[in-house]
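Asker: Got a structure for you, written out below as structure tokens; questions coming shortly.
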Amino acid sequence: MVAVRRMSRLLPGLVLCALIGLAAAGLNGLETRLFGHAPLEALALAVLLGVLVRALWTPGEVWGEGIAFGSKVVLEIAVALLGATVSVVALARMGPGLVVGIAAVVALSIAGGYGLARGLGLPKAMAVLVACGNSICGNSAIAAVAPVIGARSEDVAAAIAFTAVLGVGVMLGVAPLAGAMGLSPAACGAFAGLTVYAVPQVLAAAAPAGVLAVQTGALVKMVRVLALGPVCLLLGLARGGEEGGRGLDWRRLAPWFILVFLVLAAGRTLGLVPDPAAALAGKASVWLTIASMAALGLGADVRALARAGLRVCLAAALSLGLLAALAIGLLRLLGLA
């Protein structure tokens, strides 16, 4: 009975989040049909639609519990399932130099992006979200990091909204920049994998340079995604350290969903997670993340977004510029550019 009552309280908010998520997915499909690709991901569209609904109508108590559950627990489940799609087997083909270099670029980009954001006066949580979003995998990284650092809904919504717009610009700019620099197809793909947020965007950005560019971009992007688990663990440890080492809650330092992510990634790498299960987990993760982004949008105050807008946008732009510079530096160091 307790579980039934709990579900009855959650259901209205969860249904609302699901409906907004479906609307975002529909708009995403419409973008593809109109433009041949989707400038804005469904995740970003879900946040924006949620913010729009919240600006026009404030959900009452009957919706609140489900929205809060969607923005936290549903998101954590989505991040955990994402681990089943990650395998490190293909990394052996890339060589240790490139793998280590990618890890270094991600680490330096996070540190530099955080410093730039803090220098612009952004709060610590927002600075972490912007830095990790730009350095790892955009909206997905922001969504995964948010519960680890206890970020507010307004911070998450603002970070996703502004980095999503800039991410589209990066995707469109890769091919012209690679052409101007005279990059080879492999180098063009590596540059796309190092700088563009989402996997579909990486493929779209690298496609003009050919099949080799697309394959290289996908592999490089995978290394960036693999950084998500360790980064979340380190952020959890850092947050716990700030609160004092005595009596630390290890469940928060190593959140259950990050541990499950790492276990599933290890299982996938060892062949214990078959392809059909990995595909199903990936699809479930995508849909759950979209619904949770709608919940985050519904929980965000548009006035707070407006106040944060200019600084967040500038921090994201500068962080992207730093990431691009580091990427080019790595390619030149490896003799690819």
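Simple scheme: letters A, B, ... for chains in structure tokens order, numbers from 1 for residues in each chain, numbers from 1 for ligands in the order shown.
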Please return, as an mmCIF file with C-alpha atoms, in the first residue's frame, all residues of stretch 40-283 of chain A that DSSP assigns to helix (DSSP H, G or I) on the basis of the backbone.

Answerer:
data_model
loop_
_atom_site.group_PDB
_atom_site.id
_atom_site.type_symbol
_atom_site.label_atom_id
_atom_site.label_comp_id
_atom_site.auth_asym_id
_atom_site.auth_seq_id
_atom_site.Cartn_x
_atom_site.Cartn_y
_atom_site.Cartn_z
ATOM 1 C CA ALA A 42 16.235 16.460 -27.637
ATOM 2 C CA LEU A 43 17.838 16.923 -24.207
ATOM 3 C CA ALA A 44 18.276 20.646 -24.729
ATOM 4 C CA LEU A 45 14.802 20.948 -26.246
ATOM 5 C CA ALA A 46 13.308 19.182 -23.223
ATOM 6 C CA VAL A 47 14.990 21.659 -20.866
ATOM 7 C CA LEU A 48 13.837 24.624 -22.932
ATOM 8 C CA LEU A 49 10.269 23.323 -23.161
ATOM 9 C CA GLY A 50 10.235 22.683 -19.414
ATOM 10 C CA VAL A 51 11.470 26.196 -18.728
ATOM 11 C CA LEU A 52 8.819 27.598 -21.090
ATOM 12 C CA VAL A 53 6.032 25.664 -19.359
ATOM 13 C CA ARG A 54 7.295 26.829 -15.949
ATOM 14 C CA ALA A 55 7.388 30.444 -17.169
ATOM 15 C CA LEU A 56 3.762 30.245 -18.272
ATOM 16 C CA GLU A 61 1.835 20.511 -5.124
ATOM 17 C CA VAL A 62 0.160 17.644 -6.974
ATOM 18 C CA TRP A 63 2.882 17.820 -9.630
ATOM 19 C CA GLY A 64 5.853 18.717 -7.438
ATOM 20 C CA GLU A 65 6.845 15.342 -6.005
ATOM 21 C CA GLY A 66 6.910 13.638 -9.400
ATOM 22 C CA ILE A 67 8.906 16.497 -10.953
ATOM 23 C CA ALA A 68 11.462 16.336 -8.133
ATOM 24 C CA PHE A 69 11.722 12.546 -8.527
ATOM 25 C CA GLY A 70 12.178 12.959 -12.274
ATOM 26 C CA SER A 71 14.956 15.509 -11.913
ATOM 27 C CA LYS A 72 16.944 13.330 -9.486
ATOM 28 C CA VAL A 73 16.173 9.595 -9.368
ATOM 29 C CA VAL A 74 15.166 9.205 -13.019
ATOM 30 C CA LEU A 75 18.326 11.064 -14.025
ATOM 31 C CA GLU A 76 20.486 8.833 -11.832
ATOM 32 C CA ILE A 77 18.988 5.699 -13.387
ATOM 33 C CA ALA A 78 19.654 7.105 -16.866
ATOM 34 C CA VAL A 79 23.318 7.777 -16.057
ATOM 35 C CA ALA A 80 23.736 4.289 -14.579
ATOM 36 C CA LEU A 81 22.317 2.613 -17.694
ATOM 37 C CA LEU A 82 24.661 4.625 -19.904
ATOM 38 C CA GLY A 83 27.545 2.489 -18.625
ATOM 39 C CA ALA A 84 26.217 -0.531 -20.530
ATOM 40 C CA THR A 85 26.947 1.260 -23.814
ATOM 41 C CA VAL A 89 38.113 -2.560 -26.376
ATOM 42 C CA ALA A 90 38.329 -0.220 -29.358
ATOM 43 C CA LEU A 91 40.763 2.069 -27.551
ATOM 44 C CA ALA A 92 43.654 -0.334 -28.208
ATOM 45 C CA ARG A 93 43.484 0.599 -31.884
ATOM 46 C CA MET A 94 44.207 4.247 -31.124
ATOM 47 C CA PRO A 96 48.593 4.944 -25.973
ATOM 48 C CA GLY A 97 49.821 8.367 -27.067
ATOM 49 C CA LEU A 98 46.452 9.541 -28.339
ATOM 50 C CA VAL A 99 44.545 8.007 -25.403
ATOM 51 C CA VAL A 100 46.788 9.676 -22.829
ATOM 52 C CA GLY A 101 46.656 12.915 -24.796
ATOM 53 C CA ILE A 102 42.851 12.914 -24.857
ATOM 54 C CA ALA A 103 42.756 12.312 -21.104
ATOM 55 C CA ALA A 104 45.166 15.204 -20.595
ATOM 56 C CA VAL A 105 43.084 17.509 -22.796
ATOM 57 C CA VAL A 106 39.946 16.659 -20.815
ATOM 58 C CA ALA A 107 41.694 17.247 -17.469
ATOM 59 C CA LEU A 108 43.267 20.545 -18.546
ATOM 60 C CA SER A 109 40.026 21.707 -20.130
ATOM 61 C CA ILE A 110 38.045 21.017 -16.949
ATOM 62 C CA ALA A 111 40.590 22.834 -14.793
ATOM 63 C CA GLY A 112 40.921 25.767 -17.188
ATOM 64 C CA GLY A 113 37.189 26.012 -17.843
ATOM 65 C CA TYR A 114 36.463 26.011 -14.118
ATOM 66 C CA GLY A 115 39.037 28.756 -13.567
ATOM 67 C CA LEU A 116 37.573 30.893 -16.355
ATOM 68 C CA ALA A 117 34.034 30.468 -15.041
ATOM 69 C CA ARG A 118 35.049 31.346 -11.499
ATOM 70 C CA GLY A 119 36.975 34.335 -12.812
ATOM 71 C CA LYS A 124 31.282 26.925 -7.860
ATOM 72 C CA ALA A 125 28.533 24.525 -8.897
ATOM 73 C CA MET A 126 27.777 26.406 -12.120
ATOM 74 C CA ALA A 127 31.488 26.643 -12.927
ATOM 75 C CA VAL A 128 31.859 22.868 -12.522
ATOM 76 C CA LEU A 129 28.832 22.209 -14.748
ATOM 77 C CA VAL A 130 30.091 24.460 -17.544
ATOM 78 C CA ALA A 131 33.637 23.088 -17.369
ATOM 79 C CA CYS A 132 32.576 19.426 -17.344
ATOM 80 C CA GLY A 133 29.909 19.945 -19.998
ATOM 81 C CA ASN A 134 32.357 21.473 -22.442
ATOM 82 C CA SER A 135 35.186 19.085 -21.652
ATOM 83 C CA ILE A 136 33.404 15.717 -21.639
ATOM 84 C CA CYS A 137 30.093 15.314 -23.439
ATOM 85 C CA ASN A 139 24.425 17.954 -21.796
ATOM 86 C CA SER A 140 24.964 14.358 -20.682
ATOM 87 C CA ALA A 141 27.992 15.334 -18.588
ATOM 88 C CA ILE A 142 26.133 18.259 -17.034
ATOM 89 C CA ALA A 143 23.233 15.966 -16.198
ATOM 90 C CA ALA A 144 25.529 13.332 -14.663
ATOM 91 C CA VAL A 145 27.640 15.767 -12.647
ATOM 92 C CA ALA A 146 24.708 17.788 -11.267
ATOM 93 C CA PRO A 147 23.507 15.309 -8.609
ATOM 94 C CA VAL A 148 27.068 14.564 -7.521
ATOM 95 C CA ILE A 149 27.785 18.205 -6.655
ATOM 96 C CA SER A 153 17.823 23.102 -11.063
ATOM 97 C CA GLU A 154 18.417 26.684 -12.220
ATOM 98 C CA ASP A 155 22.151 26.067 -12.567
ATOM 99 C CA VAL A 156 21.634 22.862 -14.541
ATOM 100 C CA ALA A 157 19.050 24.405 -16.850
ATOM 101 C CA ALA A 158 21.203 27.460 -17.544
ATOM 102 C CA ALA A 159 24.343 25.406 -18.203
ATOM 103 C CA ILE A 160 22.525 23.068 -20.580
ATOM 104 C CA ALA A 161 20.667 25.840 -22.420
ATOM 105 C CA PHE A 162 23.708 27.944 -23.192
ATOM 106 C CA THR A 163 26.228 25.183 -23.835
ATOM 107 C CA ALA A 164 23.711 23.512 -26.170
ATOM 108 C CA VAL A 165 23.526 26.608 -28.365
ATOM 109 C CA LEU A 166 27.310 26.968 -28.441
ATOM 110 C CA GLY A 167 27.661 23.255 -29.136
ATOM 111 C CA VAL A 168 25.692 23.664 -32.352
ATOM 112 C CA GLY A 169 28.123 26.360 -33.423
ATOM 113 C CA VAL A 170 31.085 24.095 -32.739
ATOM 114 C CA MET A 171 29.522 21.270 -34.742
ATOM 115 C CA LEU A 172 29.007 23.545 -37.736
ATOM 116 C CA GLY A 173 32.454 25.091 -37.433
ATOM 117 C CA VAL A 174 34.581 21.917 -37.394
ATOM 118 C CA ALA A 175 34.592 21.254 -41.140
ATOM 119 C CA PRO A 176 35.451 24.861 -42.217
ATOM 120 C CA LEU A 177 38.170 25.129 -39.574
ATOM 121 C CA ALA A 178 39.648 21.747 -40.479
ATOM 122 C CA GLY A 179 39.695 22.758 -44.127
ATOM 123 C CA ALA A 180 41.371 26.071 -43.353
ATOM 124 C CA MET A 181 44.031 24.271 -41.304
ATOM 125 C CA PRO A 185 40.614 13.144 -42.536
ATOM 126 C CA ALA A 186 41.901 11.373 -39.422
ATOM 127 C CA ALA A 187 42.946 14.670 -37.832
ATOM 128 C CA CYS A 188 39.610 16.242 -38.707
ATOM 129 C CA GLY A 189 37.800 13.346 -37.035
ATOM 130 C CA ALA A 190 40.015 13.563 -33.962
ATOM 131 C CA PHE A 191 39.387 17.319 -33.725
ATOM 132 C CA ALA A 192 35.632 16.737 -33.949
ATOM 133 C CA GLY A 193 35.818 14.022 -31.303
ATOM 134 C CA LEU A 194 37.795 16.295 -28.987
ATOM 135 C CA THR A 195 35.577 19.358 -29.264
ATOM 136 C CA VAL A 199 28.084 11.559 -30.549
ATOM 137 C CA PRO A 200 25.578 12.325 -33.362
ATOM 138 C CA GLN A 201 27.005 15.835 -33.599
ATOM 139 C CA VAL A 202 30.545 14.427 -33.786
ATOM 140 C CA LEU A 203 29.528 12.190 -36.672
ATOM 141 C CA ALA A 204 27.796 15.060 -38.454
ATOM 142 C CA ALA A 205 30.789 17.349 -37.961
ATOM 143 C CA ALA A 206 33.288 14.758 -39.239
ATOM 144 C CA ALA A 207 31.163 13.449 -42.120
ATOM 145 C CA PRO A 208 32.324 16.037 -44.720
ATOM 146 C CA ALA A 209 35.893 14.678 -44.340
ATOM 147 C CA VAL A 211 34.482 7.686 -43.456
ATOM 148 C CA LEU A 212 37.910 7.666 -41.780
ATOM 149 C CA ALA A 213 37.125 10.993 -40.105
ATOM 150 C CA VAL A 214 33.811 9.655 -38.806
ATOM 151 C CA GLN A 215 35.391 6.489 -37.397
ATOM 152 C CA THR A 216 38.226 8.409 -35.757
ATOM 153 C CA GLY A 217 35.839 10.980 -34.328
ATOM 154 C CA ALA A 218 33.646 8.299 -32.781
ATOM 155 C CA LEU A 219 36.606 6.598 -31.092
ATOM 156 C CA VAL A 220 38.044 9.841 -29.736
ATOM 157 C CA LYS A 221 34.630 10.849 -28.482
ATOM 158 C CA MET A 222 34.334 7.506 -26.673
ATOM 159 C CA VAL A 223 37.490 8.251 -24.692
ATOM 160 C CA ARG A 224 35.972 11.571 -23.572
ATOM 161 C CA VAL A 225 32.791 9.792 -22.478
ATOM 162 C CA LEU A 226 34.844 7.297 -20.457
ATOM 163 C CA LEU A 228 32.638 10.794 -17.008
ATOM 164 C CA GLY A 229 32.764 8.103 -14.326
ATOM 165 C CA PRO A 230 36.182 8.994 -12.842
ATOM 166 C CA VAL A 231 35.378 12.719 -12.951
ATOM 167 C CA CYS A 232 32.132 12.179 -11.024
ATOM 168 C CA LEU A 233 33.950 10.086 -8.430
ATOM 169 C CA LEU A 234 36.635 12.754 -7.980
ATOM 170 C CA LEU A 235 34.025 15.503 -7.688
ATOM 171 C CA GLY A 236 32.202 13.490 -5.040
ATOM 172 C CA LEU A 237 35.432 13.059 -3.090
ATOM 173 C CA ALA A 238 36.229 16.769 -3.428
ATOM 174 C CA ARG A 239 32.791 17.758 -2.195
ATOM 175 C CA GLY A 240 33.073 15.427 0.768
ATOM 176 C CA GLY A 241 36.530 16.759 1.563
ATOM 177 C CA GLU A 242 35.187 20.318 1.695
ATOM 178 C CA TRP A 250 30.433 7.375 1.211
ATOM 179 C CA ARG A 251 27.171 6.822 -0.622
ATOM 180 C CA ARG A 252 27.430 10.427 -1.769
ATOM 181 C CA LEU A 253 31.163 10.353 -2.425
ATOM 182 C CA TRP A 256 25.271 4.336 -6.519
ATOM 183 C CA PHE A 257 24.563 5.338 -10.097
ATOM 184 C CA ILE A 258 28.226 6.060 -10.865
ATOM 185 C CA LEU A 259 29.238 2.714 -9.361
ATOM 186 C CA VAL A 260 26.608 0.957 -11.480
ATOM 187 C CA PHE A 261 27.846 2.925 -14.526
ATOM 188 C CA LEU A 262 31.388 1.649 -13.948
ATOM 189 C CA VAL A 263 30.249 -1.940 -13.284
ATOM 190 C CA LEU A 264 28.161 -2.001 -16.462
ATOM 191 C CA ALA A 265 31.029 -0.461 -18.462
ATOM 192 C CA ALA A 266 33.358 -3.173 -17.169
ATOM 193 C CA GLY A 267 30.776 -5.833 -18.014
ATOM 194 C CA ARG A 268 30.378 -4.445 -21.517
ATOM 195 C CA THR A 269 34.140 -4.402 -22.024
ATOM 196 C CA ASP A 275 24.808 -6.178 -27.899
ATOM 197 C CA PRO A 276 20.976 -6.341 -27.636
ATOM 198 C CA ALA A 277 21.092 -5.551 -23.905
ATOM 199 C CA ALA A 278 23.535 -2.680 -24.499
ATOM 200 C CA ALA A 279 21.296 -1.251 -27.234
ATOM 201 C CA LEU A 280 18.218 -1.510 -24.996
ATOM 202 C CA ALA A 281 20.047 0.132 -22.090
ATOM 203 C CA GLY A 282 21.242 2.921 -24.365
ATOM 204 C CA LYS A 283 17.747 3.671 -25.629
#

Asker: Select, from A:Leu298, A:Glu41, A:Arg6, A:Ala227, the residue with the minimum atom-to-atom distance to A:Gly29, counting only C-alpha atoms.

Answerer: A:Glu41

Asker: What's the separation between atom CA of A:Ala198 and atom CA of A:Ser285, in Å to one decimal place?

Answerer: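 Distance reported for this atom pair: 14.2 Å.
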